[in-house]
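**Student:** Quick one: the structure is below, questions incoming.
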Amino acid sequence: MRPSSSAQVLDLQSFARALCRELDVPIPQPIFEDLGLFDALGLDSLGAFQMLVTLESLAGVDFPPDDPPTMFTLGDAHHYYLGLCALGAS
């Protein structure tokens, strides 16, 4: 698993903007770690699946772990994304 040449590690603000753009949801203001994925961003079960695919794409990972963690907040998603970036770089 190698990150694509265009993959870069994004800080929380950049990550939130990229995630919201890819999921076609409004970018909340302010952006903070405890922002709820389901209540603030309005994700449903399909949106949660799309988010996993988006996280893998943003991290440049082709083969993610089989069992992603439960994510409720933007911070949870960002931490998982950072883990994918580290996995792809190894």
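Scheme for the structure tokens: letters A, B, ... for chains in order shown; per-chain residue numbers from 1; ligand numbers from 1 in order shown.
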What's around Leu37 (chain A) at 8 Å? Count only C-alpha atoms, leave out sequence neighbours fewer than 6 positions away in its own chain, and write the answer as a list in words.

**Tutor:**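 Counting only C-alpha atoms, the residues come to Leu43, Met71, Phe72, Thr73 and Leu74 of chain A.
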
**Student:** Write the residues of the preceding selection, restricted to C-alpha atoms, as a CSV table (one decimal), in the first residue's frame.

**Tutor:**
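Wrote it out as part36.csv, contents follow:
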```
chain,number,residue,atom,x,y,z
A,43,LEU,CA,-24.3,12.0,7.1
A,71,MET,CA,-16.4,7.3,13.9
A,72,PHE,CA,-18.8,9.9,15.3
A,73,THR,CA,-16.8,13.2,15.0
A,74,LEU,CA,-14.7,15.0,12.5
```

**Student:** Contacts of Pro68 (chain A) at 10 Å or less, counting only C-alpha atoms, minus same-chain residues fewer than 3 places along, as a PyMOL selection string?

**Tutor:** chain A and resi 52+64-65+71+80

**Student:** Sorted by chain and rising residue number, which residues of region 1-77 of chain A lie within 7 Å of region 83-86 of chain A, and what are their closest atom pairs and distances in Å to one decimal, counting only C-alpha atoms, as CSV?

**Tutor:**
```
residue,atom,partner,partner_atom,distance
A:Val9,CA,A:Cys85,CA,6.8
A:Glu56,CA,A:Leu84,CA,7.0
A:Ala59,CA,A:Cys85,CA,4.9
A:Val61,CA,A:Leu84,CA,6.7
```

**Student:** Can I get the selected residues back with C-alpha atoms, as an mmCIF file, in the first residue's frame?

**Tutor:**
```cif
data_model
loop_
_atom_site.group_PDB
_atom_site.id
_atom_site.type_symbol
_atom_site.label_atom_id
_atom_site.label_comp_id
_atom_site.auth_asym_id
_atom_site.auth_seq_id
_atom_site.Cartn_x
_atom_site.Cartn_y
_atom_site.Cartn_z
ATOM 1 C CA VAL A 9 -1.230 14.691 4.883
ATOM 2 C CA GLU A 56 -9.071 6.027 1.559
ATOM 3 C CA ALA A 59 -4.920 9.069 1.975
ATOM 4 C CA VAL A 61 -4.558 3.874 0.158
#
```

**Student:** In terms of the shortest atom-to-atom distance over only C-alpha atoms, which of A:Gly88, A:Asp67, A:Gln13, A:Ser57 is closest to Leu35 (chain A)?

**Tutor:**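 The closest residue to Leu35 (chain A) is A:Gln13.
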
**Student:** Report, in Å to a single decimal, how far apart CA of Pro30 (chain A) and CA of Leu12 (chain A) are.

**Tutor:**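 Answer for the CA of Leu12 (chain A) to CA of Pro30 (chain A) separation: 11.5 Å.
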
**Student:** Let's see if you can do this: from backbone DSSP, list all alpha helix (DSSP H) residues in chain A, as an NGL selection string.

**Tutor:** :A and (12-23 or 45-59 or 74-89)

**Student:** Calculate how many Å separate CA of Asp11 (chain A) from CA of Leu55 (chain A), rounding to one decimal.

**Tutor:**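 About the pair CA of Asp11 (chain A) and CA of Leu55 (chain A): they are 13.4 Å apart.
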